[in-house]
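Novice: If you scroll down you'll find the structure; I have some questions about it.
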Amino acid sequence: MAPARITRLLKEGQSGDQVEVRGWVRTRRDSKQGFSFIELNDGSCMANLQVVVDANVEGYESTIKDVSTGASVAVTGKLNESPGKGQRIELHADSLKLLGTADAQNYPLQKKRHSFEFLREIAHLRPRTNTFGAIARVRNAISSAIHNFFQERGFLYIQTPIITTSDCEGAGELFQVTTLDLVRLAKLQTEIDFTQDFFGKPASLTVSGQLEAEIYATSVGDCYTFGPTFRAENSNTTRHLAEFWMVEPEMPFYELNDNMALAEEFIRYVIRQVLETCPEDMEFFNLRIDKTVLETLNNITENDFIRLPYTEAITILEGSGQEFEYPVEWGRDLQSEHERFLTETHFKQPVILYDYPRTIKPFYMRCNDDDKTVRAMDVLVPRVGEIIGGSQREERLDVLTDRMTECQLDPDDYWWYLDLRRYGTVPHSGFGLGLERLVQLVTGMTNIRDCIPFPRTPKNAEF
Ligand code: ATP
Ligand code: MN
C-alpha cells in the first residue's frame with residue numbers, strides 16, 4: 001500500500017488514525033527518558049511531521065543511531081494531538097524501519113544554511129532543502145495554472161518541434177544539431193557538406209515555437225505551446241539560461257491591445273492560483289527569501305498594468321536624472337537596469353511597453369504606419385524586468401516579404417510561413433513568457449539558475 005503523504009496528514013489527519021509514512025529524516029533528537037523525536041519530511045510540503053519513537057518500539061534498539069539527517073525511514077503508528085508548539089498532530093510510532101542510511105560524516109546537507117552557489121554544485125541533493133522543495137512545488141503550481149488558464153479559455157495545447165531548420169528570432173543564437181563526425185571533419189579540413197548530415201541541411205534546437213504555432217492558430221484557432229527552448233547566448237546574467245521553458249500563446253483575430261489584455265490577465269491568473277494553492281511555500285519565500293515578494297505579487301494582482309509606448313519610456317528614462325551603465329537612446333534596446341527603473345522606481349508596478357523601433361525587433365512583427373515602429377509589446381515586472389515579449393504579427397504578404405529582405409532573410413526559406421499570408425491571411429498576435437522568469441518573480445529568488453531543476457548556462461551542463 002502506498003504510504004500517506006505528510007501534507008495530507010498535517011491538514012486532515014485525526015487523532016487516533018493508524019498510518020504509515022515514509023520519508024527522509026531532517027533531524028533526530030534523543031531524550032533522556034529513552035525516546036526519540038524524528039522530524040520527517042517527504043517533500044509533499046514544507047512542514048515536517050514530528051514522529052515520537054519510544055525505546056520499546058520494534059526496530060528502535062537496532063536502528064535509532066543510524067536514523068540521522070538524510071536517512072530514509074518507514075514508520076507506522078497512530079496520530080495523536082501534539083502537546084508541542086507549532087504542530088497540530090504528531091505520529092506515535094509502533095514500528096520503525098530504516099530504509100537507507102546517510103553517513104553523517106559525508107552527507108552534504110547538514111543542518112546549517114548553505115549558499116545557493118554551493119547548492120547548485122549539488123543539484124542532485126538540493127531539492128531536499130526547504131527552499132528547493134518549495135521552488136519545485138511552486139514551479140509545479142505555476143505550470144498547472146498555465147494549462148488551466150488556457151484550457152479554461154478553449155486554447156489548444158500544441159507541441160511544436162524541438163529540432164528545427166528555421167531560426168525564428170533571426171538572432172543566430174542557435175545550438176546546432178548534427179550527426180556529422182566533427183573530429184574527423186576537422187582533421188580533413190574540408191568544407192562541411194550538410195547534405196551528408198542527418199537532415200540533409202543545417203538544423204538546430206528551437207529558440208521559439210512561434211512560427212509553427214502561427215500555423216495552428218490560423219487553422220484551429222487560439223492555441224499555445226509550452227516547452228523547452230534553447231538559446232546559445234553567451235550572457236552570464238541572473239536572468240538568462242541556455243535551456244529554458246517558454247509558454248507561447250498565439251491567437252487569430254487578436255490585435256495588439258487584445259494581446260496586451262490577455263498577457264495581463266494571464267500573469268494575474270497564474271499568480272492568484274499559486275497564492276491559493278501554495279500558501280505555506282509562499283509564506284516561506286516572503287520570510288526567508290524576499291520580504292517584499294507577497295506585497296509585489298498582491299500589487300500585481302490588484303492593479304492594472306501601465307501601458308506605455310516605447311518612445312514615451314525613452315523620454316521618461318532620459319529625463320530621470322538617473323545614472324545608467326548603458327546609454328538610453330531612441331532606437332536602442334532597453335537594458336535590465338532601464339526596465340527595472342521603470343517598474344521599481346518610476347511606476348512601481350508592471351509596465352507594458354509597446355511600439356518598439358523596428359530595427360531592434362524581428363521580421364515578423366507588424367509594421368506601423370509611421371514606418372519606424374512595429375507592434376511589439378514587452379511586459380516588464382519589478383525585479384525581473386522583461387517577463388513577456390510579444391507582438392501583433394505582420395499579416396500583409398508584401399510588407400512581410402520586404403521586412404524579411406530588410407532583415408537579410410531569404411523569403412524562399414520561409415515559403416510555408418508566407419503561405420499563411422497567401423491563403424486566408426488574418427490579423428493575429430501572440431507572446432512568449434519564460435517560465436523561469438515567472439518562477440523568479442513569484443518566489444523572489446534572485447538567480448534564474450535556482451528556478452529550474454538543472455540549469456544549463458555557459459560552461460555548465462552538469463547532472
Ligand atoms: P532578453 O531581452 O531578456 O534577453 P529576449 O527579448 O531575447 O529576452 P524573447 O525572445 O522576447 O526574449 O523571449 C520571450 C521570453 O522568453 C522573454 O520575455 C523571457 O521571459 C524569456 N527568455 C528569453 N530568453 C531567455 C533566456 N535566455 N533565459 C530565460 N528566459 C528567457
Ligand atoms: Mn523580448
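Lettering and numbering for the C-alpha cells are positional, with chains as A, B, ... in the shown order, residues counted from 1 in each chain, and ligands counted from 1 in the shown order.
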Quick one: contact table of chain A to ligand 2, 8 Å max, nearest atom pair and distance in Å to one decimal per residue, counting only C-alpha atoms and all ligand atoms, chain and number order, as a Markdown table?

Specialist:
| residue | atom | partner | partner_atom_place_in_ligand_line | distance |
| --- | --- | --- | --- | --- |
| A:Asp378 | CA | ligand 2 | 1 (Mn) | 6.2 |
| A:Glu386 | CA | ligand 2 | 1 (Mn) | 6.9 |
| A:Ile388 | CA | ligand 2 | 1 (Mn) | 6.6 |
| A:Gly389 | CA | ligand 2 | 1 (Mn) | 4.1 |
| A:Gly390 | CA | ligand 2 | 1 (Mn) | 7.0 |

Novice: List the neighbours of Arg268 in chain A out to 12 Å using only C-alpha atoms; skip same-chain residues closer than 3 positions along the sequence, and give me the result as a PyMOL selection string.

Specialist: chain A and resi 142+145-146+149+261-265+271-275+296-305+350+381+438+442

Novice: Please return, as a list of chain:residue names, all residues of range 368-426 of chain A that DSSP assigns to helix (DSSP H, G or I) on the basis of the backbone.

Specialist: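 Helix (DSSP H, G or I) assignments inside range 368-426 of chain A correspond to A:Leu397, A:Asp398, A:Val399, A:Leu400, A:Thr401, A:Asp402, A:Arg403, A:Met404, A:Thr405, A:Glu406, A:Pro411, A:Asp412, A:Asp413, A:Tyr414, A:Trp415, A:Trp416, A:Tyr417, A:Leu418, A:Asp419, A:Leu420, A:Arg421, A:Arg422.
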
Novice: Would you list the residues that come within 9 Å of ligand 1? Count only C-alpha atoms and all ligand atoms and give the answer as a ChimeraX atom specification.

Specialist: /A:169,171,207-208,229-233,235,237-248,333-336,361,378-380,384-390,431-438,448,457

Novice: So which one's closest to Tyr356 in chain A, A:Thr311, A:Gln196, A:Asn56, A:Thr190? Using only C-alpha atoms, please.

Specialist: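 Among A:Thr311, A:Gln196, A:Asn56, A:Thr190, it is A:Thr311 that comes nearest to Tyr356 in chain A.
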
Novice: Determine, counting only C-alpha atoms, which protein, DNA and RNA residues have an atom within 9 Å of an atom of Thr101 in chain A; residues of the same chain fewer than 4 positions away are not included. Present the result as a PDB file with C-alpha atoms, in the first residue's frame.

Specialist:
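Saved as out00.pdb:
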ATOM      1  CA  ASP A  66      21.526   5.350  12.142  1.00  0.00           C
ATOM      2  CA  VAL A  67      18.349   7.418  11.886  1.00  0.00           C
ATOM      3  CA  SER A  68      20.340  10.533  11.115  1.00  0.00           C
ATOM      4  CA  THR A  69      19.790  13.602   8.930  1.00  0.00           C
ATOM      5  CA  GLY A  70      19.188  12.458   5.350  1.00  0.00           C
ATOM      6  CA  ALA A  71      18.404   8.822   6.170  1.00  0.00           C
ATOM      7  CA  SER A  72      15.205   7.307   4.780  1.00  0.00           C
ATOM      8  CA  VAL A  73      12.719   5.543   7.053  1.00  0.00           C
TER       9      VAL A  73
END

Novice: Residues near range 150-165 of chain A, anyone? I mean within 7 Å using only C-alpha atoms, not counting same-chain ones fewer than 2 positions away, as a list of chain:residue names.

Specialist: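 My list of contacting residues is A:Ile146, A:His147, A:Asn148, A:Asp167, A:Pro202, A:Ala203, A:Ser204, A:Leu205, A:Thr206, A:Gly209, A:Glu212, A:Asp222, A:Cys223, A:Tyr224, A:Thr225.
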
Novice: Suppose we keep all heavy atoms; can you now write the selection as an mmCIF file, in the first residue's frame?

Specialist:
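Ended up saving to out07.cif:
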data_model
loop_
_atom_site.group_PDB
_atom_site.id
_atom_site.type_symbol
_atom_site.label_atom_id
_atom_site.label_comp_id
_atom_site.auth_asym_id
_atom_site.auth_seq_id
_atom_site.Cartn_x
_atom_site.Cartn_y
_atom_site.Cartn_z
ATOM 1 N N ILE A 146 -0.842 27.562 -15.656
ATOM 2 C CA ILE A 146 -0.689 27.966 -17.063
ATOM 3 C C ILE A 146 -1.633 27.138 -17.943
ATOM 4 O O ILE A 146 -2.394 27.677 -18.749
ATOM 5 C CB ILE A 146 0.784 27.796 -17.511
ATOM 6 C CG1 ILE A 146 1.636 28.894 -16.868
ATOM 7 C CG2 ILE A 146 0.907 27.823 -19.043
ATOM 8 C CD1 ILE A 146 3.139 28.683 -16.987
ATOM 9 N N HIS A 147 -1.608 25.826 -17.748
ATOM 10 C CA HIS A 147 -2.522 24.984 -18.525
ATOM 11 C C HIS A 147 -3.982 25.327 -18.200
ATOM 12 O O HIS A 147 -4.807 25.441 -19.105
ATOM 13 C CB HIS A 147 -2.246 23.508 -18.257
ATOM 14 C CG HIS A 147 -1.034 22.984 -18.989
ATOM 15 N ND1 HIS A 147 -0.970 22.932 -20.360
ATOM 16 C CD2 HIS A 147 0.151 22.517 -18.533
ATOM 17 C CE1 HIS A 147 0.213 22.435 -20.720
ATOM 18 N NE2 HIS A 147 0.911 22.186 -19.634
ATOM 19 N N ASN A 148 -4.284 25.489 -16.929
ATOM 20 C CA ASN A 148 -5.673 25.818 -16.549
ATOM 21 C C ASN A 148 -6.156 27.076 -17.246
ATOM 22 O O ASN A 148 -7.272 27.128 -17.759
ATOM 23 C CB ASN A 148 -5.788 26.039 -15.034
ATOM 24 C CG ASN A 148 -5.642 24.745 -14.268
ATOM 25 O OD1 ASN A 148 -5.736 23.663 -14.848
ATOM 26 N ND2 ASN A 148 -5.385 24.841 -12.974
ATOM 27 N N ASP A 167 15.325 29.660 -38.040
ATOM 28 C CA ASP A 167 15.700 30.439 -36.858
ATOM 29 C C ASP A 167 14.686 31.554 -36.661
ATOM 30 O O ASP A 167 14.709 32.569 -37.330
ATOM 31 C CB ASP A 167 17.110 31.022 -37.069
ATOM 32 C CG ASP A 167 17.475 32.031 -35.985
ATOM 33 O OD1 ASP A 167 16.746 32.121 -34.985
ATOM 34 O OD2 ASP A 167 18.488 32.719 -36.159
ATOM 35 N N PRO A 202 21.500 22.205 -42.472
ATOM 36 C CA PRO A 202 21.805 22.574 -41.087
ATOM 37 C C PRO A 202 20.539 22.567 -40.238
ATOM 38 O O PRO A 202 19.484 23.036 -40.681
ATOM 39 C CB PRO A 202 22.359 24.000 -41.197
ATOM 40 C CG PRO A 202 22.804 24.140 -42.608
ATOM 41 C CD PRO A 202 21.901 23.263 -43.421
ATOM 42 N N ALA A 203 20.638 22.042 -39.039
ATOM 43 C CA ALA A 203 19.493 22.009 -38.123
ATOM 44 C C ALA A 203 19.951 22.496 -36.759
ATOM 45 O O ALA A 203 21.144 22.535 -36.461
ATOM 46 C CB ALA A 203 18.942 20.592 -38.017
ATOM 47 N N SER A 204 18.980 22.902 -35.956
ATOM 48 C CA SER A 204 19.342 23.399 -34.621
ATOM 49 C C SER A 204 18.205 23.139 -33.641
ATOM 50 O O SER A 204 17.122 22.705 -34.037
ATOM 51 C CB SER A 204 19.631 24.898 -34.698
ATOM 52 O OG SER A 204 18.487 25.563 -35.195
ATOM 53 N N LEU A 205 18.490 23.429 -32.365
ATOM 54 C CA LEU A 205 17.432 23.339 -31.353
ATOM 55 C C LEU A 205 16.600 24.613 -31.432
ATOM 56 O O LEU A 205 17.120 25.697 -31.677
ATOM 57 C CB LEU A 205 18.058 23.205 -29.958
ATOM 58 C CG LEU A 205 18.859 21.926 -29.719
ATOM 59 C CD1 LEU A 205 19.486 21.961 -28.314
ATOM 60 C CD2 LEU A 205 17.973 20.696 -29.867
ATOM 61 N N THR A 206 15.332 24.504 -31.180
ATOM 62 C CA THR A 206 14.429 25.639 -31.383
ATOM 63 C C THR A 206 14.686 26.779 -30.386
ATOM 64 O O THR A 206 15.016 26.536 -29.223
ATOM 65 C CB THR A 206 12.958 25.203 -31.290
ATOM 66 O OG1 THR A 206 12.126 26.320 -31.598
ATOM 67 C CG2 THR A 206 12.604 24.705 -29.889
ATOM 68 N N GLY A 209 8.723 28.385 -30.523
ATOM 69 C CA GLY A 209 7.769 27.602 -31.319
ATOM 70 C C GLY A 209 6.778 28.479 -32.056
ATOM 71 O O GLY A 209 5.806 27.994 -32.626
ATOM 72 N N GLU A 212 5.596 27.948 -35.907
ATOM 73 C CA GLU A 212 4.738 26.773 -36.066
ATOM 74 C C GLU A 212 3.398 26.983 -35.345
ATOM 75 O O GLU A 212 2.368 26.515 -35.819
ATOM 76 C CB GLU A 212 5.432 25.528 -35.524
ATOM 77 C CG GLU A 212 6.617 25.059 -36.368
ATOM 78 C CD GLU A 212 7.948 25.637 -35.912
ATOM 79 O OE1 GLU A 212 7.955 26.552 -35.064
ATOM 80 O OE2 GLU A 212 8.991 25.166 -36.415
ATOM 81 N N ASP A 222 -7.290 29.754 -31.348
ATOM 82 C CA ASP A 222 -6.425 30.025 -30.197
ATOM 83 C C ASP A 222 -5.673 28.766 -29.767
ATOM 84 O O ASP A 222 -6.275 27.715 -29.560
ATOM 85 C CB ASP A 222 -7.264 30.506 -29.001
ATOM 86 C CG ASP A 222 -7.986 31.816 -29.304
ATOM 87 O OD1 ASP A 222 -7.592 32.510 -30.268
ATOM 88 O OD2 ASP A 222 -8.949 32.132 -28.580
ATOM 89 N N CYS A 223 -4.370 28.890 -29.617
ATOM 90 C CA CYS A 223 -3.589 27.738 -29.190
ATOM 91 C C CYS A 223 -2.371 28.220 -28.397
ATOM 92 O O CYS A 223 -2.110 29.422 -28.308
ATOM 93 C CB CYS A 223 -3.152 26.904 -30.387
ATOM 94 S SG CYS A 223 -2.111 27.780 -31.547
ATOM 95 N N TYR A 224 -1.653 27.294 -27.804
ATOM 96 C CA TYR A 224 -0.438 27.664 -27.070
ATOM 97 C C TYR A 224 0.536 26.506 -27.082
ATOM 98 O O TYR A 224 0.156 25.346 -27.171
ATOM 99 C CB TYR A 224 -0.749 28.079 -25.625
ATOM 100 C CG TYR A 224 -1.264 26.975 -24.722
ATOM 101 C CD1 TYR A 224 -0.448 26.423 -23.725
ATOM 102 C CD2 TYR A 224 -2.565 26.491 -24.836
ATOM 103 C CE1 TYR A 224 -0.918 25.422 -22.878
ATOM 104 C CE2 TYR A 224 -3.036 25.490 -23.998
ATOM 105 C CZ TYR A 224 -2.218 24.958 -23.021
ATOM 106 O OH TYR A 224 -2.686 23.973 -22.202
ATOM 107 N N THR A 225 1.809 26.861 -27.011
ATOM 108 C CA THR A 225 2.854 25.859 -26.838
ATOM 109 C C THR A 225 3.419 26.055 -25.434
ATOM 110 O O THR A 225 3.311 27.132 -24.840
ATOM 111 C CB THR A 225 4.017 26.061 -27.830
ATOM 112 O OG1 THR A 225 4.737 27.239 -27.440
ATOM 113 C CG2 THR A 225 3.509 26.251 -29.244
#

Novice: Calculated over only C-alpha atoms, which of the candidates A:Asn257, A:Gln189, A:Thr401, A:Thr218 has the smallest distance to Leu353 in chain A?

Specialist: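 Closest residue, counting only C-alpha atoms: A:Asn257.
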
Novice: Just the residues within 10 Å of Gln33 in chain A, please, counting only C-alpha atoms, with nothing from its chain fewer than 3 positions along; format it as a PyMOL selection string.

Specialist: chain A and resi 30+36+54-55

Novice: Restrict the selected residues to C-alpha atoms and save them as a PDB file, in the first residue's frame.

Specialist:
ATOM      1  CA  ASP A  30      17.016  11.790  21.738  1.00  0.00           C
ATOM      2  CA  SER A  36      13.443   9.982  20.261  1.00  0.00           C
ATOM      3  CA  ASP A  54       9.639   5.083  22.284  1.00  0.00           C
ATOM      4  CA  ALA A  55      12.582   2.878  23.185  1.00  0.00           C
TER       5      ALA A  55
END

Novice: Determine the nearest neighbour of Pro108 in chain A from the options A:Thr129, A:Asp281, A:Val183, A:Ser95, counting only C-alpha atoms.

Specialist: A:Thr129

Novice: Between CA of Met445 in chain A and CA of Ile122 in chain A, what is the spacing in Å?

Specialist: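 Straight-line distance from CA of Ile122 in chain A to CA of Met445 in chain A works out to 17.8 Å.
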
Novice: Residues of range 21-129 of chain A classed as strand (DSSP E) by DSSP on the backbone are to be reported as a VMD selection string.

Specialist: chain A and resid 21 to 30 35 to 41 49 to 54 72 to 81 89 to 100
